[in-house]
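Asks: Following this line is upload.cif, made up of mmCIF, C-alpha atoms:
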data_model
#
loop_
_atom_site.group_PDB
_atom_site.id
_atom_site.type_symbol
_atom_site.label_atom_id
_atom_site.label_comp_id
_atom_site.auth_asym_id
_atom_site.auth_seq_id
_atom_site.Cartn_x
_atom_site.Cartn_y
_atom_site.Cartn_z
ATOM 1 C CA MET A 1 -162.172 -8.295 107.580
ATOM 2 C CA THR A 2 -162.139 -10.921 110.327
ATOM 3 C CA GLU A 3 -159.185 -13.019 111.422
ATOM 4 C CA ALA A 4 -159.660 -16.656 112.424
ATOM 5 C CA THR A 5 -157.340 -19.412 113.617
ATOM 6 C CA SER A 6 -157.593 -23.151 113.105
ATOM 7 C CA CYS A 7 -155.315 -26.093 113.851
ATOM 8 C CA GLY A 8 -155.061 -29.449 112.185
ATOM 9 C CA GLY A 9 -152.999 -32.513 111.550
ATOM 10 C CA VAL A 10 -151.212 -34.499 108.926
ATOM 11 C CA VAL A 11 -152.024 -37.839 110.547
ATOM 12 C CA ILE A 12 -149.885 -40.817 109.527
ATOM 13 C CA PHE A 13 -150.249 -44.507 110.267
ATOM 14 C CA ARG A 14 -147.834 -47.012 108.715
ATOM 15 C CA GLY A 15 -146.775 -44.490 106.102
ATOM 16 C CA LYS A 16 -150.281 -43.578 104.975
ATOM 17 C CA ILE A 17 -152.007 -40.218 105.397
ATOM 18 C CA LEU A 18 -155.495 -39.634 106.802
ATOM 19 C CA LEU A 19 -157.863 -37.632 104.584
ATOM 20 C CA LEU A 20 -161.515 -36.592 104.796
ATOM 21 C CA TYR A 21 -163.991 -36.226 101.958
ATOM 22 C CA LYS A 22 -166.485 -33.383 102.299
ATOM 23 C CA ASN A 23 -169.774 -33.311 100.414
ATOM 24 C CA TYR A 24 -172.141 -30.484 101.330
ATOM 25 C CA ARG A 25 -175.698 -30.735 99.986
ATOM 26 C CA ASN A 26 -174.523 -33.104 97.246
ATOM 27 C CA LYS A 27 -171.951 -30.543 96.113
ATOM 28 C CA TYR A 28 -168.389 -31.818 95.694
ATOM 29 C CA GLU A 29 -166.249 -30.129 98.303
ATOM 30 C CA GLY A 30 -163.160 -32.315 97.951
ATOM 31 C CA TRP A 31 -160.615 -34.179 100.041
ATOM 32 C CA VAL A 32 -159.064 -32.272 102.936
ATOM 33 C CA LEU A 33 -156.849 -32.702 105.979
ATOM 34 C CA PRO A 34 -158.615 -32.636 109.373
ATOM 35 C CA LYS A 35 -158.618 -29.195 111.005
ATOM 36 C CA GLY A 36 -160.847 -26.876 112.995
ATOM 37 C CA THR A 37 -161.275 -23.672 114.926
ATOM 38 C CA VAL A 38 -159.444 -22.918 118.160
ATOM 39 C CA GLU A 39 -161.872 -22.675 121.081
ATOM 40 C CA SER A 40 -161.574 -20.113 123.859
ATOM 41 C CA GLY A 41 -158.745 -20.929 126.281
ATOM 42 C CA GLU A 42 -157.463 -23.778 124.133
ATOM 43 C CA GLU A 43 -153.799 -24.317 123.188
ATOM 44 C CA TYR A 44 -153.105 -24.893 119.491
ATOM 45 C CA ARG A 45 -151.855 -28.431 120.174
ATOM 46 C CA GLU A 46 -155.076 -29.230 122.064
ATOM 47 C CA THR A 47 -157.151 -27.906 119.159
ATOM 48 C CA ALA A 48 -155.305 -30.079 116.633
ATOM 49 C CA ILE A 49 -155.786 -33.243 118.735
ATOM 50 C CA ARG A 50 -159.461 -32.435 119.464
ATOM 51 C CA GLU A 51 -160.338 -31.572 115.866
ATOM 52 C CA VAL A 52 -158.684 -34.708 114.453
ATOM 53 C CA LYS A 53 -160.646 -36.759 117.011
ATOM 54 C CA GLU A 54 -163.959 -34.972 116.303
ATOM 55 C CA GLU A 55 -163.713 -35.016 112.520
ATOM 56 C CA THR A 56 -162.215 -38.490 112.038
ATOM 57 C CA GLY A 57 -162.685 -40.447 115.269
ATOM 58 C CA VAL A 58 -158.901 -40.922 115.349
ATOM 59 C CA LYS A 59 -156.922 -40.555 118.549
ATOM 60 C CA ALA A 60 -153.618 -39.167 117.281
ATOM 61 C CA ALA A 61 -150.484 -37.976 119.055
ATOM 62 C CA ILE A 62 -148.568 -34.874 118.011
ATOM 63 C CA ILE A 63 -145.033 -35.538 116.855
ATOM 64 C CA LYS A 64 -144.051 -32.000 115.866
ATOM 65 C CA TYR A 65 -145.236 -28.644 114.546
ATOM 66 C CA VAL A 66 -144.826 -28.400 110.770
ATOM 67 C CA GLY A 67 -145.956 -24.886 109.946
ATOM 68 C CA LYS A 68 -148.745 -22.467 109.180
ATOM 69 C CA SER A 69 -150.854 -21.901 106.103
ATOM 70 C CA GLN A 70 -153.130 -18.958 105.406
ATOM 71 C CA TYR A 71 -156.099 -18.433 103.149
ATOM 72 C CA THR A 72 -159.035 -16.090 102.743
ATOM 73 C CA PHE A 73 -162.682 -16.665 101.951
ATOM 74 C CA ASN A 74 -165.812 -14.563 101.789
ATOM 75 C CA THR A 75 -169.040 -14.904 103.702
ATOM 76 C CA THR A 76 -172.165 -12.889 102.940
ATOM 77 C CA HIS A 77 -171.063 -10.215 105.416
ATOM 78 C CA ASP A 78 -167.283 -10.317 105.621
ATOM 79 C CA MET A 79 -163.925 -11.487 104.319
ATOM 80 C CA ILE A 80 -162.258 -14.031 106.601
ATOM 81 C CA VAL A 81 -158.472 -14.345 106.833
ATOM 82 C CA LYS A 82 -157.675 -17.752 108.320
ATOM 83 C CA ASP A 83 -154.374 -18.985 109.761
ATOM 84 C CA VAL A 84 -154.071 -22.748 110.114
ATOM 85 C CA HIS A 85 -151.363 -24.242 112.343
ATOM 86 C CA TRP A 86 -150.391 -27.772 111.278
ATOM 87 C CA TYR A 87 -148.902 -30.679 113.211
ATOM 88 C CA LEU A 88 -147.368 -33.944 112.106
ATOM 89 C CA MET A 89 -149.347 -36.564 114.026
ATOM 90 C CA MET A 90 -149.261 -40.309 114.521
ATOM 91 C CA ALA A 91 -152.342 -42.529 114.704
ATOM 92 C CA ASP A 92 -152.422 -45.918 116.399
ATOM 93 C CA SER A 93 -154.612 -47.741 113.842
ATOM 94 C CA TYR A 94 -156.267 -47.465 110.426
ATOM 95 C CA PHE A 95 -159.630 -46.800 112.067
ATOM 96 C CA SER A 96 -161.436 -43.607 111.074
ATOM 97 C CA LYS A 97 -165.049 -42.461 111.089
ATOM 98 C CA PRO A 98 -165.994 -39.236 109.281
ATOM 99 C CA GLN A 99 -168.017 -36.641 111.219
ATOM 100 C CA ARG A 100 -171.356 -36.472 109.416
ATOM 101 C CA GLU A 101 -172.413 -33.241 111.178
ATOM 102 C CA GLU A 102 -169.566 -31.465 109.367
ATOM 103 C CA TYR A 103 -170.601 -33.029 106.018
ATOM 104 C CA PHE A 104 -167.687 -35.458 105.902
ATOM 105 C CA VAL A 105 -168.954 -38.530 104.083
ATOM 106 C CA ASP A 106 -165.735 -40.545 103.792
ATOM 107 C CA SER A 107 -162.318 -40.835 105.395
ATOM 108 C CA GLY A 108 -159.346 -43.077 104.984
ATOM 109 C CA TYR A 109 -155.601 -43.519 104.836
ATOM 110 C CA TYR A 110 -153.835 -43.046 101.525
ATOM 111 C CA LYS A 111 -150.320 -43.453 100.165
ATOM 112 C CA TYR A 112 -148.473 -40.143 99.878
ATOM 113 C CA HIS A 113 -148.875 -39.726 96.109
ATOM 114 C CA GLU A 114 -152.569 -40.634 96.271
ATOM 115 C CA ALA A 115 -153.163 -38.201 99.127
ATOM 116 C CA TYR A 116 -151.236 -35.442 97.373
ATOM 117 C CA HIS A 117 -153.354 -35.749 94.228
ATOM 118 C CA LEU A 118 -156.627 -36.149 96.116
ATOM 119 C CA LEU A 119 -156.193 -33.006 98.220
ATOM 120 C CA LYS A 120 -158.241 -30.112 96.904
ATOM 121 C CA PHE A 121 -156.259 -27.149 98.236
ATOM 122 C CA THR A 122 -152.726 -26.162 97.206
ATOM 123 C CA ASN A 123 -151.829 -24.950 100.709
ATOM 124 C CA GLU A 124 -152.765 -28.371 102.148
ATOM 125 C CA LYS A 125 -150.655 -30.086 99.468
ATOM 126 C CA GLN A 126 -147.693 -27.934 100.541
ATOM 127 C CA ILE A 127 -148.207 -28.797 104.221
ATOM 128 C CA LEU A 128 -148.569 -32.487 103.341
ATOM 129 C CA GLU A 129 -145.283 -32.396 101.441
ATOM 130 C CA LYS A 130 -143.477 -30.712 104.343
ATOM 131 C CA ALA A 131 -144.973 -33.020 106.978
ATOM 132 C CA TYR A 132 -144.304 -36.163 104.939
ATOM 133 C CA ASN A 133 -140.662 -35.171 104.453
ATOM 134 C CA GLU A 134 -140.382 -34.714 108.244
ATOM 135 C CA TYR A 135 -141.936 -38.161 108.690
ATOM 136 C CA LEU A 136 -139.404 -39.711 106.257
ATOM 137 C CA GLU A 137 -136.504 -38.066 108.109
ATOM 138 C CA LEU A 138 -137.739 -39.354 111.470
ATOM 139 C CA LYS A 139 -138.272 -42.811 109.993
ATOM 140 C CA LYS A 140 -134.793 -42.833 108.440
ATOM 141 C CA SER A 141 -133.315 -41.931 111.852
ATOM 142 C CA ASN A 142 -135.408 -44.655 113.548
ATOM 143 C CA LEU A 143 -137.181 -41.980 115.593
ATOM 144 C CA TRP A 144 -140.712 -42.431 114.180
ATOM 145 C CA GLY A 145 -142.790 -44.152 116.820
ATOM 146 C CA SER A 146 -140.172 -43.838 119.532
ATOM 147 C CA ARG A 147 -141.405 -42.668 122.914
ATOM 148 C CA LYS A 148 -139.062 -39.677 122.635
ATOM 149 C CA TYR A 149 -141.833 -37.789 120.850
ATOM 150 C CA PHE A 150 -144.673 -38.450 123.313
#
Transcribe the structure of this file into C-alpha cells.

Replies:
Amino acid sequence: MTEATSCGGVVIFRGKILLLYKNYRNKYEGWVLPKGTVESGEEYRETAIREVKEETGVKAAIIKYVGKSQYTFNTTHDMIVKDVHWYLMMADSYFSKPQREEYFVDSGYYKYHEAYHLLKFTNEKQILEKAYNEYLELKKSNLWGSRKYF
C-alpha cells in the first residue's frame, strides 16, 4: 500500500464552478474538479494554485480550506490510498483551457446543480457541496471578493 497526497480547488467565478472533462484513449473518464499531486517541498496551498493553473489555465486565489477527501485505487503493482486537500478558490474570469497532456478535453464553468450532477465522484460532490455552502455564506455576508481573503 502506498500513500499519496493531492490538492485541488473548487474554483468559482460569478457563482459558477469550474469543471474539467477527462477522456483517456476515447474512454469516458468523467467530469472532475482540478487537483494534482504535491511536489517535493511544496505547501498544500501552493499545490492547489499550481494544479488549477496547470490543468485549467486559470489563475485562482485561495479563499479558504474546505476539507479533505480520501479514496483508494489499484495500479498493476500496488494499492494507492490518496488524500486530497480541497480549497475554495476564486477565479478572475470565465477563461479556462483544459490541459491536453493530462487528457482533459473540455473545461468550463457550470451552475451549482449542473456541476453537482456532472461530477463523476461522490467525494468530489461532497466537497463541492461544502465549498459552495461556504461561498454562499461569504456572499451573504458581503465577504466574497473582498480583499480580506487575499

Asks: For Arg14 (chain A), please output as number ranges by chain all residues within 10 Å (counting all atoms listed in the file; exclusion window: fewer than 4 positions along the same chain).

Replies: A: 90-94, 109, 111, 145

Asks: Mind pulling up the distance from CA of Tyr28 (chain A) to CA of Phe121 (chain A)?

Replies: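 Result for CA of Phe121 (chain A) versus CA of Tyr28 (chain A): 13.2 Å, one decimal.
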
Asks: Selection in question (the file shown): the PyMOL selection byres ((chain A and resi 127) around 8). Which residues does it include, as a list in words?

Replies: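 For this structure, the PyMOL selection byres ((chain A and resi 127) around 8) captures Val10, Val66, Gly67, Ser69, Trp86, Asn123, Glu124, Lys125, Gln126, Leu128, Glu129, Lys130 and Ala131 of chain A.
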
Asks: What lies within 12 Å of Thr5 (chain A) using all atoms listed in the file, ignoring chain neighbours under 2 positions off, as a list in words?

Replies: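 After dropping sequence-adjacent residues, the list is Thr2, Glu3, Cys7, Gly8, Lys35, Gly36, Thr37, Val38, Glu39, Ser40, Glu42, Glu43, Tyr44, Thr47, Ala48, Lys68, Ser69, Gln70, Tyr71, Thr72, Ile80, Val81, Lys82, Asp83, Val84, His85 and Trp86 of chain A.
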
Asks: Please identify all polymer residues within 7 Å of Leu33 (chain A), counting all atoms listed in the file, omitting same-chain residues fewer than 5 positions from it, and present them as a list of chain:residue names.

Replies: A:Gly9, A:Val10, A:Leu19, A:Leu20

Asks: Here is a test: counting all atoms listed in the file, which residue of A:Tyr103, A:Tyr135, A:Trp31, A:Phe73 is nearest to Ala4 (chain A)?

Replies: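 Among the listed residues, A:Phe73 lies closest to Ala4 (chain A).
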
Asks: Using CA of Val58 (chain A) and CA of Val11 (chain A) as the two end points, give the distance in Å to one decimal.

Replies: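 Computing it gives 8.9 Å between the two atoms.
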
Asks: So which residues get picked by the PyMOL selection byres ((chain A and resi 64) around 6) here, written as number ranges by chain?

Replies: A: 62-63, 65, 87-88

Asks: Store the residues picked out above in a file with C-alpha atoms, as a PDB file, keeping the file's coordinate frame.

Replies:
ATOM      1  CA  ILE A  62    -148.568 -34.874 118.011  1.00  0.00           C
ATOM      2  CA  ILE A  63    -145.033 -35.538 116.855  1.00  0.00           C
ATOM      3  CA  TYR A  65    -145.236 -28.644 114.546  1.00  0.00           C
ATOM      4  CA  TYR A  87    -148.902 -30.679 113.211  1.00  0.00           C
ATOM      5  CA  LEU A  88    -147.368 -33.944 112.106  1.00  0.00           C
TER       6      LEU A  88
END

Asks: Using only C-alpha atoms, which of A:Ala115, A:Leu143, A:Val52, A:Val105 sits nearest Tyr21 (chain A)?

Replies: A:Val105

Asks: What is the CA of Thr75 (chain A)-CA of Glu54 (chain A) distance in Å, reported with one decimal?

Replies: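 It comes out at 24.2 Å.
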
Asks: Which residue gives the smallest distance to Tyr24 (chain A) among A:Ser141, A:Gly108, A:Asp78, A:Arg100, with only C-alpha atoms counted?

Replies: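 Ranked by minimum distance to Tyr24 (chain A), first place goes to A:Arg100.
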
Asks: Which residue is closest to Gly30 (chain A)? Choose from A:Thr56, A:Ser107, A:Ser6, A:Ser96 and count all atoms listed in the file.

Replies: A:Ser107

Asks: So, counting all atoms listed in the file, which residue among A:Lys97, A:Glu29, A:Lys53, A:Gly15 is closest to Asn133 (chain A)?

Replies: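 Checking each of A:Lys97, A:Glu29, A:Lys53, A:Gly15 against Asn133 (chain A), counting all atoms listed in the file, the winner is A:Gly15.
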
Asks: Output requested as a short mmCIF file (atom, residue, chain, number, x, y, z; two decimals), in the frame of the given file - region 7-32 of chain A, filled out with N, CA and C atoms.

Replies:
data_model
loop_
_atom_site.label_atom_id
_atom_site.label_comp_id
_atom_site.auth_asym_id
_atom_site.auth_seq_id
_atom_site.Cartn_x
_atom_site.Cartn_y
_atom_site.Cartn_z
N CYS A 7 -156.46 -25.19 113.72
CA CYS A 7 -155.32 -26.09 113.85
C CYS A 7 -155.72 -27.45 113.30
N GLY A 8 -154.75 -28.15 112.75
CA GLY A 8 -155.06 -29.45 112.18
C GLY A 8 -153.85 -30.35 112.15
N GLY A 9 -154.07 -31.52 111.55
CA GLY A 9 -153.00 -32.51 111.55
C GLY A 9 -152.83 -33.24 110.24
N VAL A 10 -151.56 -33.54 109.96
CA VAL A 10 -151.21 -34.50 108.93
C VAL A 10 -150.98 -35.78 109.72
N VAL A 11 -152.02 -36.64 109.71
CA VAL A 11 -152.02 -37.84 110.55
C VAL A 11 -151.51 -39.02 109.72
N ILE A 12 -150.49 -39.70 110.25
CA ILE A 12 -149.88 -40.82 109.53
C ILE A 12 -149.97 -42.09 110.36
N PHE A 13 -150.32 -43.17 109.66
CA PHE A 13 -150.25 -44.51 110.27
C PHE A 13 -149.65 -45.45 109.23
N ARG A 14 -148.55 -46.09 109.61
CA ARG A 14 -147.83 -47.01 108.72
C ARG A 14 -147.57 -46.41 107.34
N GLY A 15 -147.17 -45.16 107.33
CA GLY A 15 -146.78 -44.49 106.10
C GLY A 15 -147.91 -43.90 105.28
N LYS A 16 -149.14 -44.11 105.73
CA LYS A 16 -150.28 -43.58 104.98
C LYS A 16 -150.89 -42.38 105.70
N ILE A 17 -151.50 -41.50 104.90
CA ILE A 17 -152.01 -40.22 105.40
C ILE A 17 -153.53 -40.22 105.47
N LEU A 18 -154.05 -39.70 106.57
CA LEU A 18 -155.50 -39.63 106.80
C LEU A 18 -156.11 -38.43 106.09
N LEU A 19 -157.13 -38.70 105.27
CA LEU A 19 -157.86 -37.63 104.58
C LEU A 19 -159.36 -37.76 104.84
N LEU A 20 -160.06 -36.64 104.67
CA LEU A 20 -161.51 -36.59 104.80
C LEU A 20 -162.12 -36.11 103.48
N TYR A 21 -163.27 -36.66 103.15
CA TYR A 21 -163.99 -36.23 101.96
C TYR A 21 -165.24 -35.48 102.39
N LYS A 22 -165.35 -34.24 101.92
CA LYS A 22 -166.48 -33.38 102.30
C LYS A 22 -167.45 -33.26 101.13
N ASN A 23 -168.73 -33.43 101.43
CA ASN A 23 -169.77 -33.31 100.41
C ASN A 23 -170.94 -32.58 101.08
N TYR A 24 -171.12 -31.31 100.71
CA TYR A 24 -172.14 -30.48 101.33
C TYR A 24 -173.31 -30.33 100.38
N ARG A 25 -174.48 -30.81 100.79
CA ARG A 25 -175.70 -30.74 99.99
C ARG A 25 -175.47 -31.26 98.57
N ASN A 26 -174.84 -32.43 98.51
CA ASN A 26 -174.52 -33.10 97.25
C ASN A 26 -173.63 -32.28 96.32
N LYS A 27 -172.90 -31.34 96.89
CA LYS A 27 -171.95 -30.54 96.11
C LYS A 27 -170.55 -31.02 96.47
N TYR A 28 -169.75 -31.35 95.46
CA TYR A 28 -168.39 -31.82 95.69
C TYR A 28 -167.59 -30.75 96.41
N GLU A 29 -167.08 -31.07 97.56
CA GLU A 29 -166.25 -30.13 98.30
C GLU A 29 -164.79 -30.55 98.27
N GLY A 30 -164.53 -31.85 98.09
CA GLY A 30 -163.16 -32.32 97.95
C GLY A 30 -162.57 -32.97 99.18
N TRP A 31 -161.38 -33.51 98.98
CA TRP A 31 -160.62 -34.18 100.04
C TRP A 31 -159.77 -33.14 100.78
N VAL A 32 -159.77 -33.25 102.10
CA VAL A 32 -159.06 -32.27 102.94
C VAL A 32 -158.36 -32.98 104.10
#
